[in-house]
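Novice: Input structure: structure_16.txt, which contains compact mmCIF, C-alpha atoms.
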# COMPACT_ATOMS: atom_id res chain seq x y z
CA MET A 1 -10.45 -48.06 240.72
CA HIS A 2 -7.53 -46.58 238.79
CA ASP A 3 -4.02 -45.67 239.87
CA PRO A 4 -3.84 -42.18 238.30
CA GLU A 5 -0.07 -41.94 238.18
CA LYS A 6 0.38 -45.38 236.58
CA LEU A 7 -2.34 -44.70 234.02
CA LEU A 8 -0.89 -41.30 233.06
CA VAL A 9 2.61 -42.76 232.74
CA ALA A 10 1.26 -45.64 230.62
CA MET A 11 -0.31 -43.14 228.23
CA PHE A 12 2.94 -41.19 228.03
CA ASP A 13 4.89 -44.39 227.38
CA ALA A 14 2.50 -45.31 224.55
CA ALA A 15 2.90 -41.86 223.01
CA ARG A 16 6.68 -42.18 223.02
CA ALA A 17 6.59 -45.74 221.66
CA ALA A 18 4.51 -44.60 218.68
CA ALA A 19 7.46 -42.46 217.61
CA ASP A 20 10.16 -45.11 218.18
CA PRO A 21 12.34 -45.03 215.02
CA ALA A 22 12.85 -48.80 215.24
CA ILE A 23 9.13 -49.14 214.53
CA CYS A 24 8.09 -46.10 212.52
CA LEU A 25 11.08 -45.63 210.18
CA PRO A 26 11.73 -48.98 208.39
CA PRO A 27 8.44 -49.07 206.41
CA HIS A 28 9.43 -45.83 204.67
CA LEU A 29 12.97 -46.69 203.57
CA PRO A 30 13.67 -46.31 199.83
CA SER A 31 15.26 -49.06 197.76
CA PRO A 32 19.03 -48.98 197.24
CA PRO A 33 20.04 -47.00 194.13
CA LYS A 34 22.41 -47.93 191.30
CA GLY A 35 24.99 -45.59 192.77
CA LYS A 36 26.04 -44.72 196.31
CA THR A 37 23.80 -44.23 199.33
CA VAL A 38 24.82 -41.48 201.73
CA VAL A 39 22.99 -40.95 205.03
CA VAL A 40 23.01 -37.58 206.78
CA GLY A 41 20.82 -36.18 209.49
CA ALA A 42 20.34 -34.16 212.63
CA GLY A 43 18.13 -34.16 215.70
CA LYS A 44 17.53 -35.78 219.05
CA ALA A 45 16.41 -38.95 217.26
CA ALA A 46 19.24 -38.94 214.70
CA ALA A 47 21.20 -41.81 216.24
CA SER A 48 18.18 -44.05 216.79
CA MET A 49 16.98 -43.31 213.25
CA ALA A 50 20.42 -44.13 211.86
CA GLN A 51 20.54 -47.38 213.80
CA ALA A 52 17.07 -48.39 212.59
CA LEU A 53 18.08 -47.64 209.00
CA GLU A 54 21.28 -49.69 209.28
CA ARG A 55 19.45 -52.70 210.68
CA HIS A 56 17.02 -52.74 207.75
CA TRP A 57 19.43 -51.84 204.93
CA PRO A 58 20.70 -54.72 202.76
CA GLN A 59 24.13 -55.85 203.94
CA ASP A 60 25.42 -56.06 200.36
CA ALA A 61 24.29 -52.51 199.48
CA PRO A 62 26.81 -49.68 199.94
CA LEU A 63 26.01 -47.31 202.80
CA ASP A 64 27.83 -44.66 204.76
CA GLY A 65 27.17 -41.27 206.25
CA ILE A 66 27.16 -38.97 209.26
CA VAL A 67 24.44 -37.72 211.62
CA VAL A 68 24.56 -35.32 214.57
CA THR A 69 22.57 -35.69 217.77
CA ARG A 70 22.47 -34.17 221.24
CA TYR A 71 25.05 -35.08 223.88
CA GLY A 72 23.93 -38.23 225.66
CA HIS A 73 21.76 -39.40 222.72
CA ASP A 74 24.36 -41.56 220.96
CA LEU A 75 23.76 -45.16 219.87
CA PRO A 76 26.21 -47.61 218.27
CA CYS A 77 26.15 -47.72 214.47
CA GLU A 78 28.44 -49.67 212.16
CA ARG A 79 28.37 -47.75 208.88
CA ILE A 80 27.02 -44.33 209.86
CA VAL A 81 29.12 -42.01 212.03
CA VAL A 82 27.23 -40.47 214.95
CA VAL A 83 28.49 -37.11 216.24
CA GLU A 84 27.22 -35.50 219.45
CA ALA A 85 26.81 -31.75 219.90
CA ALA A 86 25.11 -29.20 222.14
CA HIS A 87 21.40 -28.38 222.34
CA PRO A 88 19.56 -26.00 222.65
CA VAL A 89 22.48 -23.56 222.34
CA PRO A 90 24.87 -24.75 219.58
CA ASP A 91 28.57 -25.43 220.00
CA SER A 92 31.64 -26.01 217.83
CA ALA A 93 30.92 -29.75 217.57
CA GLY A 94 27.61 -28.98 215.86
CA GLU A 95 29.33 -26.49 213.58
CA LYS A 96 31.94 -29.06 212.55
CA ALA A 97 29.29 -31.75 212.03
CA ALA A 98 27.31 -29.47 209.72
CA GLU A 99 30.45 -28.79 207.68
CA LEU A 100 31.08 -32.53 207.35
CA ILE A 101 27.47 -33.18 206.33
CA LEU A 102 27.65 -30.59 203.55
CA HIS A 103 30.96 -32.06 202.38
CA LYS A 104 29.44 -35.55 202.40
CA VAL A 105 26.60 -34.71 200.01
CA ARG A 106 28.47 -32.54 197.56
CA GLY A 107 29.68 -33.98 194.26
CA LEU A 108 27.08 -36.78 194.05
CA GLY A 109 25.36 -37.72 190.79
CA PRO A 110 21.79 -38.47 189.70
CA GLU A 111 22.23 -42.22 190.31
CA ASP A 112 23.25 -41.63 193.94
CA LEU A 113 20.85 -41.46 196.88
CA VAL A 114 20.96 -39.20 199.94
CA ILE A 115 18.77 -40.22 202.87
CA CYS A 116 18.31 -37.37 205.33
CA LEU A 117 17.12 -38.26 208.84
CA ILE A 118 15.54 -35.22 210.49
CA SER A 119 14.01 -34.84 213.95
CA GLY A 120 13.41 -32.14 216.54
CA GLY A 121 16.52 -30.42 217.82
CA GLY A 122 18.18 -30.47 214.43
CA SER A 123 18.09 -26.71 214.10
CA ALA A 124 20.49 -26.12 217.00
CA LEU A 125 22.59 -29.16 216.11
CA LEU A 126 23.20 -28.06 212.50
CA ALA A 127 25.07 -24.96 213.61
CA LEU A 128 26.84 -23.71 210.48
CA PRO A 129 26.81 -19.90 210.37
CA ALA A 130 26.17 -18.04 207.12
CA PRO A 131 29.22 -16.30 205.58
CA GLY A 132 30.27 -13.34 207.69
CA LEU A 133 28.78 -14.70 210.91
CA SER A 134 30.45 -16.56 213.76
CA LEU A 135 29.34 -19.38 216.04
CA ALA A 136 29.31 -16.86 218.89
CA ASP A 137 26.81 -14.77 216.91
CA LYS A 138 24.51 -17.76 216.49
CA GLN A 139 24.83 -18.70 220.16
CA ALA A 140 23.83 -15.21 221.27
CA VAL A 141 20.78 -15.14 218.98
CA ASN A 142 19.73 -18.65 220.02
CA GLN A 143 19.86 -17.77 223.71
CA ALA A 144 17.85 -14.60 223.14
CA LEU A 145 15.22 -16.43 221.08
CA LEU A 146 14.81 -19.13 223.73
CA LYS A 147 14.01 -16.52 226.39
CA SER A 148 11.87 -14.29 224.19
CA GLY A 149 8.61 -16.26 224.06
CA ALA A 150 8.86 -16.71 220.28
CA ASN A 151 7.24 -19.88 218.96
CA ILE A 152 9.21 -22.56 217.12
CA ALA A 153 8.22 -21.37 213.64
CA GLU A 154 9.37 -17.84 214.46
CA MET A 155 12.64 -19.03 215.98
CA ASN A 156 13.41 -21.25 213.00
CA CYS A 157 12.59 -18.46 210.54
CA VAL A 158 15.43 -16.47 212.09
CA ARG A 159 17.76 -19.45 212.34
CA LYS A 160 17.32 -20.30 208.64
CA HIS A 161 18.44 -16.84 207.63
CA LEU A 162 21.61 -17.05 209.70
CA SER A 163 22.60 -20.48 208.40
CA ALA A 164 24.65 -21.99 205.59
CA ILE A 165 22.83 -25.35 205.73
CA LYS A 166 19.24 -24.85 206.93
CA GLY A 167 16.25 -23.54 204.97
CA GLY A 168 16.72 -25.85 201.97
CA ARG A 169 20.45 -25.27 201.60
CA LEU A 170 21.34 -28.90 202.36
CA ALA A 171 19.12 -29.98 199.44
CA ALA A 172 20.88 -27.49 197.19
CA ALA A 173 24.24 -29.00 198.15
CA ALA A 174 23.03 -32.57 197.49
CA ALA A 175 21.61 -31.91 194.00
CA PRO A 176 21.46 -33.58 191.50
CA ALA A 177 21.42 -36.74 193.67
CA ARG A 178 18.05 -38.16 194.64
CA LEU A 179 17.17 -36.92 198.13
CA VAL A 180 14.73 -38.70 200.45
CA SER A 181 14.05 -36.98 203.78
CA LEU A 182 12.52 -39.02 206.61
CA LEU A 183 11.11 -36.76 209.32
CA ILE A 184 9.91 -37.16 212.89
CA SER A 185 7.81 -34.07 213.52
CA ASP A 186 8.11 -32.10 216.74
CA VAL A 187 6.36 -28.94 215.56
CA PRO A 188 2.73 -27.81 215.59
CA GLY A 189 1.25 -28.42 212.16
CA ASP A 190 4.00 -30.86 211.08
CA ASP A 191 5.39 -28.38 208.53
CA PRO A 192 8.63 -29.85 207.07
CA ALA A 193 9.90 -26.30 206.54
CA VAL A 194 9.81 -25.75 210.31
CA ILE A 195 11.07 -29.16 211.53
CA ALA A 196 14.80 -28.62 212.29
CA SER A 197 14.54 -25.43 210.18
CA GLY A 198 13.82 -27.42 207.00
CA PRO A 199 17.32 -28.14 205.63
CA THR A 200 16.00 -30.19 202.69
CA VAL A 201 12.74 -28.43 201.74
CA PRO A 202 11.80 -25.08 200.18
CA ASP A 203 11.68 -22.17 202.59
CA PRO A 204 8.55 -19.99 202.38
CA THR A 205 10.00 -17.35 204.73
CA SER A 206 12.24 -14.41 203.90
CA PHE A 207 14.83 -12.10 205.40
CA ALA A 208 11.97 -9.62 205.92
CA ASP A 209 10.09 -12.23 207.97
CA ALA A 210 13.20 -12.85 210.09
CA ARG A 211 13.61 -9.12 210.73
CA ALA A 212 9.93 -8.92 211.74
CA VAL A 213 10.45 -11.64 214.38
CA ILE A 214 13.43 -9.78 215.82
CA GLU A 215 11.40 -6.57 215.97
CA LYS A 216 8.32 -8.27 217.46
CA TYR A 217 10.27 -9.62 220.44
CA ASP A 218 12.67 -6.68 220.69
CA ILE A 219 15.73 -8.94 220.51
CA ASP A 220 19.13 -7.32 220.87
CA LEU A 221 21.36 -8.63 218.06
CA PRO A 222 25.13 -8.79 217.65
CA SER A 223 26.19 -6.17 215.10
CA ALA A 224 27.23 -8.75 212.50
CA VAL A 225 23.82 -10.43 212.68
CA GLN A 226 22.01 -7.11 212.40
CA LYS A 227 24.01 -6.22 209.28
CA HIS A 228 23.43 -9.67 207.78
CA LEU A 229 19.66 -9.53 208.22
CA GLN A 230 19.46 -5.96 206.93
CA ALA A 231 21.52 -6.78 203.82
CA GLY A 232 19.27 -9.75 203.00
CA LYS A 233 21.78 -11.30 200.61
CA GLY A 234 21.71 -15.03 199.81
CA GLU A 235 17.99 -15.74 200.28
CA THR A 236 16.98 -19.33 201.05
CA PRO A 237 15.85 -21.47 198.04
CA LYS A 238 12.12 -21.38 197.35
CA SER A 239 9.53 -23.71 195.87
CA GLY A 240 10.28 -24.36 192.20
CA ASP A 241 14.04 -24.17 192.69
CA ALA A 242 15.94 -26.84 190.74
CA ALA A 243 17.45 -28.03 194.04
CA PHE A 244 14.14 -29.76 194.86
CA ALA A 245 13.54 -31.42 191.49
CA ASN A 246 14.54 -34.88 192.73
CA THR A 247 13.50 -34.77 196.37
CA GLN A 248 10.90 -36.59 198.48
CA THR A 249 9.83 -35.79 202.05
CA ILE A 250 8.09 -38.35 204.29
CA LEU A 251 6.73 -37.85 207.82
CA VAL A 252 7.33 -41.12 209.67
CA ALA A 253 6.03 -40.01 213.09
CA THR A 254 3.90 -37.08 214.26
CA PRO A 255 2.36 -35.75 217.48
CA GLN A 256 -1.09 -36.89 216.31
CA MET A 257 0.12 -40.49 216.03
CA ALA A 258 1.43 -40.27 219.59
CA LEU A 259 -1.86 -38.89 220.94
CA GLU A 260 -3.83 -41.62 219.20
CA ALA A 261 -1.59 -44.26 220.81
CA ALA A 262 -2.21 -42.72 224.24
CA ALA A 263 -5.95 -42.62 223.52
CA LYS A 264 -5.93 -46.39 222.94
CA VAL A 265 -4.42 -46.93 226.40
CA ALA A 266 -7.10 -44.76 227.98
CA HIS A 267 -9.90 -46.51 226.10
CA ALA A 268 -8.60 -49.92 227.19
CA ALA A 269 -8.73 -48.72 230.82
CA GLY A 270 -12.36 -47.62 230.47
CA ILE A 271 -11.45 -43.92 230.28
CA LYS A 272 -12.96 -41.81 227.49
CA PRO A 273 -10.14 -40.04 225.61
CA LEU A 274 -10.71 -36.54 224.24
CA ILE A 275 -7.95 -35.35 221.90
CA LEU A 276 -8.12 -31.56 222.08
CA GLY A 277 -5.41 -30.87 219.53
CA ASP A 278 -1.93 -31.90 218.40
CA ALA A 279 -0.70 -28.38 217.64
CA ILE A 280 -1.54 -26.27 220.69
CA GLU A 281 0.69 -23.22 221.12
CA GLY A 282 0.82 -20.16 223.36
CA GLU A 283 2.29 -19.24 226.73
CA ALA A 284 2.38 -22.38 228.88
CA ARG A 285 0.67 -20.70 231.84
CA GLU A 286 -2.12 -19.35 229.64
CA VAL A 287 -2.74 -22.73 228.00
CA ALA A 288 -2.96 -24.16 231.54
CA ILE A 289 -5.73 -21.73 232.47
CA VAL A 290 -7.77 -22.82 229.43
CA MET A 291 -7.19 -26.52 230.17
CA ALA A 292 -8.19 -26.02 233.80
CA GLY A 293 -11.43 -24.45 232.64
CA ILE A 294 -12.23 -27.46 230.46
CA ALA A 295 -11.41 -29.84 233.32
CA ARG A 296 -13.72 -27.95 235.68
CA GLN A 297 -16.51 -28.10 233.08
CA VAL A 298 -16.15 -31.88 232.95
CA ARG A 299 -16.31 -32.21 236.74
CA ARG A 300 -19.22 -29.82 237.25
CA HIS A 301 -21.36 -30.31 234.16
CA GLY A 302 -20.19 -33.48 232.38
CA GLN A 303 -19.21 -31.50 229.28
CA PRO A 304 -17.72 -32.08 226.73
CA ALA A 305 -17.73 -35.56 228.31
CA GLY A 306 -18.51 -37.01 231.67
CA ALA A 307 -15.93 -38.46 234.05
CA PRO A 308 -13.98 -40.64 233.83
CA CYS A 309 -12.22 -39.08 230.85
CA VAL A 310 -8.82 -37.78 229.87
CA LEU A 311 -8.00 -34.58 227.99
CA LEU A 312 -5.07 -35.23 225.63
CA SER A 313 -3.12 -32.58 223.77
CA GLY A 314 0.20 -31.97 222.08
CA GLY A 315 2.10 -29.13 220.45
CA GLU A 316 4.67 -26.73 221.82
CA THR A 317 3.93 -24.03 224.33
CA THR A 318 6.36 -21.23 225.11
CA VAL A 319 7.69 -19.61 228.26
CA THR A 320 8.68 -15.97 228.46
CA VAL A 321 11.40 -16.16 231.09
CA ARG A 322 11.16 -13.38 233.67
CA GLY A 323 12.22 -15.24 236.82
CA LYS A 324 15.34 -17.10 237.85
CA GLY A 325 13.86 -20.52 238.60
CA ARG A 326 14.40 -23.88 236.94
CA GLY A 327 12.02 -25.72 234.70
CA GLY A 328 10.90 -26.17 231.12
CA ARG A 329 7.57 -25.42 229.49
CA ASN A 330 5.89 -28.62 230.75
CA ALA A 331 6.75 -27.93 234.38
CA GLU A 332 5.55 -24.35 233.86
CA PHE A 333 2.28 -25.60 232.36
CA LEU A 334 1.64 -27.98 235.27
CA CYS A 335 2.57 -25.43 237.93
CA ALA A 336 0.08 -23.00 236.39
CA LEU A 337 -2.50 -25.80 236.16
CA ALA A 338 -1.99 -26.55 239.86
CA VAL A 339 -2.63 -22.91 240.74
CA ALA A 340 -5.70 -22.73 238.51
CA LEU A 341 -7.26 -25.95 239.84
CA ASP A 342 -6.27 -25.20 243.45
CA GLY A 343 -6.53 -28.79 244.64
CA MET A 344 -9.80 -29.67 242.90
CA GLU A 345 -10.61 -33.29 243.70
CA ASN A 346 -10.21 -36.18 241.27
CA ILE A 347 -8.18 -34.27 238.67
CA TYR A 348 -4.69 -35.49 237.86
CA ALA A 349 -2.33 -34.48 235.06
CA LEU A 350 0.96 -35.28 233.37
CA ALA A 351 2.88 -33.04 231.01
CA ALA A 352 6.22 -34.04 229.54
CA ASP A 353 8.42 -33.69 226.50
CA THR A 354 8.57 -36.91 224.49
CA ASP A 355 12.32 -36.48 224.02
CA GLY A 356 12.79 -36.99 227.77
CA ILE A 357 14.16 -33.51 228.47
CA ASP A 358 11.92 -30.63 229.55
CA GLY A 359 13.85 -27.59 228.44
CA SER A 360 17.38 -27.88 229.78
CA GLU A 361 16.61 -29.84 232.94
CA ASP A 362 17.11 -33.56 233.68
CA ASN A 363 13.39 -34.40 233.82
CA ALA A 364 10.94 -35.07 231.00
CA GLY A 365 8.19 -33.22 232.84
CA ALA A 366 6.04 -33.83 235.89
CA TRP A 367 2.73 -35.15 237.14
CA LEU A 368 0.14 -33.32 239.20
CA ALA A 369 -2.27 -34.61 241.87
CA PRO A 370 -4.97 -32.77 243.85
CA ASP A 371 -2.67 -32.67 246.90
CA SER A 372 0.47 -31.46 245.07
CA ILE A 373 0.08 -27.90 246.36
CA LEU A 374 -0.29 -29.19 249.92
CA ARG A 375 2.70 -31.52 249.65
CA ALA A 376 4.89 -28.69 248.37
CA ALA A 377 3.58 -26.32 251.06
CA LEU A 378 4.56 -28.79 253.78
CA LYS A 379 8.14 -28.33 252.55
CA GLY A 380 7.86 -24.56 252.54
CA ILE A 381 7.32 -24.23 248.79
CA ASP A 382 4.47 -22.06 247.45
CA ALA A 383 3.05 -22.80 243.98
CA LYS A 384 2.23 -19.18 243.10
CA THR A 385 5.70 -18.01 244.11
CA CYS A 386 7.28 -20.75 241.99
CA LEU A 387 5.17 -19.83 238.99
CA ALA A 388 6.13 -16.16 239.28
CA ASP A 389 9.80 -17.20 239.29
CA ASN A 390 9.46 -19.70 236.38
CA ASP A 391 10.39 -22.42 238.88
CA GLY A 392 8.13 -25.32 237.94
CA TYR A 393 11.00 -27.71 238.54
CA GLY A 394 11.40 -26.49 242.12
CA PHE A 395 7.69 -26.85 242.79
CA PHE A 396 7.46 -30.44 241.56
CA GLN A 397 10.75 -31.39 243.18
CA ALA A 398 9.14 -30.42 246.49
CA ALA A 399 5.75 -31.96 245.63
CA GLY A 400 7.35 -35.23 244.53
CA GLY A 401 6.01 -35.14 240.97
CA LEU A 402 9.04 -35.01 238.66
CA VAL A 403 8.95 -37.50 235.77
CA THR A 404 12.42 -38.63 234.75
CA THR A 405 12.98 -40.93 231.77
CA GLY A 406 16.40 -39.96 230.45
CA PRO A 407 16.82 -39.37 226.69
CA THR A 408 14.12 -41.26 224.78
CA LEU A 409 15.94 -40.93 221.41
CA THR A 410 12.81 -39.67 219.68
CA ASN A 411 10.82 -36.43 219.73
CA VAL A 412 7.21 -35.65 218.83
CA ASN A 413 7.15 -32.68 221.16
CA ASP A 414 5.04 -32.14 224.26
CA PHE A 415 2.49 -34.59 225.64
CA ARG A 416 -0.22 -33.43 228.02
CA ALA A 417 -2.88 -35.56 229.71
CA ILE A 418 -5.45 -34.34 232.24
CA LEU A 419 -7.21 -37.27 233.88
CA ILE A 420 -10.62 -36.58 235.43
CA LEU A 421 -12.05 -39.36 237.57
Translate this structure into structure tokens?
Specialist:
Amino acid sequence: MHDPEKLLVAMFDAARAAADPAICLPPHLPSPPKGKTVVVGAGKAAASMAQALERHWPQDAPLDGIVVTRYGHDLPCERIVVVEAAHPVPDSAGEKAAELILHKVRGLGPEDLVICLISGGGSALLALPAPGLSLADKQAVNQALLKSGANIAEMNCVRKHLSAIKGGRLAAAAAPARLVSLLISDVPGDDPAVIASGPTVPDPTSFADARAVIEKYDIDLPSAVQKHLQAGKGETPKSGDAAFANTQTILVATPQMALEAAAKVAHAAGIKPLILGDAIEGEAREVAIVMAGIARQVRRHGQPAGAPCVLLSGGETTVTVRGKGRGGRNAEFLCALAVALDGMENIYALAADTDGIDGSEDNAGAWLAPDSILRAALKGIDAKTCLADNDGYGFFQAAGGLVTTGPTLTNVNDFRAILIL
């Protein structure tokens, strides 16, 4: 009685809409100050957040600023400059934007206001190397981290200690102005110190923590980076630092909000929603095995709920890249889920990144049906071979399950829905 694909897509659409800056940001805007208002920011939602702010800011109140977003994520703004740069590996445009942002907030007084708009992707987009390091150094480390299997908190711990702007350093530059940070969370646990590497909040991590991440994943570092981490000079500002005396941090959208919006769509369709967690981490293929086990339990034993129901989850899985295929973590998750379920009847799934880009590909994710393995096999594509080669994209391209939205201009991380009818 349900069209599985349409229902899964409707839930995904609702999850994305819950994080639309035009809706979630305006209620949290501060009042204009006596002095100047400067807007800065970074992330995949930076332009849409800036546009939403402009549209709700009093026309007679001074306002200017600069934000940096990913290429292809620009939106027209009248008073805030929007710069585009590379993601997930930084480029010179991101480096220049970070320099301009630091320059913009320096020299302000206590009657001035800085509004910082932060969303996922900001860590790569704010690419200002620490003294003694080059952009090439940061690019090499970023590429190695992305392939290592490190989770987002571990990656951002390292990034903060190679940066001149992240890990609370932007707040230090803005002091003594009042600083209000409006955040769209894309990280498990919604920790502001992890979102975009926490440029405006205290950093609880240390150089020793960064070195431990490098050792854990056996990452080969450029010599300058190795020396910088070993020296440990210029630690990030910590809780209690005067830089944070006049700061406020507000989460305007989170993965949990997105999952709850999707759950409402399911409930309205007569499907029982089960939210399994908004902060699920781990290797994508291993998470898929666990999810497949839960789905089988529903079909065979009606536990933890009977069909029809949908298993909803968010968070950020990882992929340790060993093959040469194409595909982000959501395609990897679904390819592994397809193998684990092996065509089990009446189970459908969708996994996609709410920013519209799964890894570095042009799709947001994909959707899985019981006959996906068969449809791919008819085109000569084997699911297990694709999974071994990290080629989830190739599998779903053959099976006809790619989900393409284009940039959504927001980001509350991954969305997964397993529909059991």
Novice: Determine the nearest neighbour of Ala127 (chain A) from the options A:Asn151, A:Gln226, A:Ser163, A:Gln143, counting all atoms listed in the file.
Specialist: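 Among the listed residues, A:Ser163 lies closest to Ala127 (chain A).
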Novice: Of the candidates A:Ala130, A:Ala42, A:Leu312, A:Leu113, which shows the shortest atom-to-atom distance to Gln248 (chain A), using all atoms listed in the file?
Specialist: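 Of A:Ala130, A:Ala42, A:Leu312, A:Leu113, the one nearest Gln248 (chain A), counting all atoms listed in the file, is A:Leu113.
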Novice: Taking all atoms listed in the file into account, which of A:Gly365, A:Pro4, A:Gly65, A:Pro26 comes nearest Ile250 (chain A)?
Specialist: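 Nearest to Ile250 (chain A): A:Pro26.
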Novice: Which residue is closest to Ala253 (chain A)? Choose from A:Thr37, A:Asn142, A:Ser119, A:Thr405 and count only C-alpha atoms.
Specialist: A:Ser119
Novice: How many Å separate CA of Ile420 (chain A) from CA of Arg326 (chain A)?
Specialist: 28.1 Å
Novice: How many Å lie between CA of Phe333 (chain A) and CA of Gly315 (chain A), rounded to one decimal?
Specialist: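 Result for CA of Phe333 (chain A) versus CA of Gly315 (chain A): 12.4 Å, one decimal.
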Novice: CA of Gly120 (chain A) and CA of Ile195 (chain A), how far apart in Å?
Specialist: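 CA of Gly120 (chain A) lies at a distance of 6.3 Å from CA of Ile195 (chain A).
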Novice: Using all atoms listed in the file for the distances, tell me which of A:Arg169, A:His161, A:Lys104, A:Lys379 is nearest to His228 (chain A).
Specialist: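 So, comparing all the options, the nearest one is A:His161.
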Novice: My list of candidates is A:Ile357, A:Val412, A:Leu102, A:Val321. Which is closest to His73 (chain A) when distances are computed with all atoms listed in the file?
Specialist: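 Among the listed residues, the smallest separation from His73 (chain A) belongs to A:Ile357.
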Novice: Got a sec: who's within 12 Å of Ala144 (chain A), counting all atoms listed in the file, leaving out chain neighbours fewer than 4 positions off, as number ranges by chain?
Specialist: A: 88-89, 137-140, 148-150, 155, 158-159, 213-214, 217-222, 320-321
Novice: Within 12 Å of (5.0, -16.6, 241.5), in the coordinates the file gives, what residues turn up when you count only C-alpha atoms, written out as a ChimeraX atom specification?
Specialist: /A:285,322-325,332,335-336,339,381-392,394-395
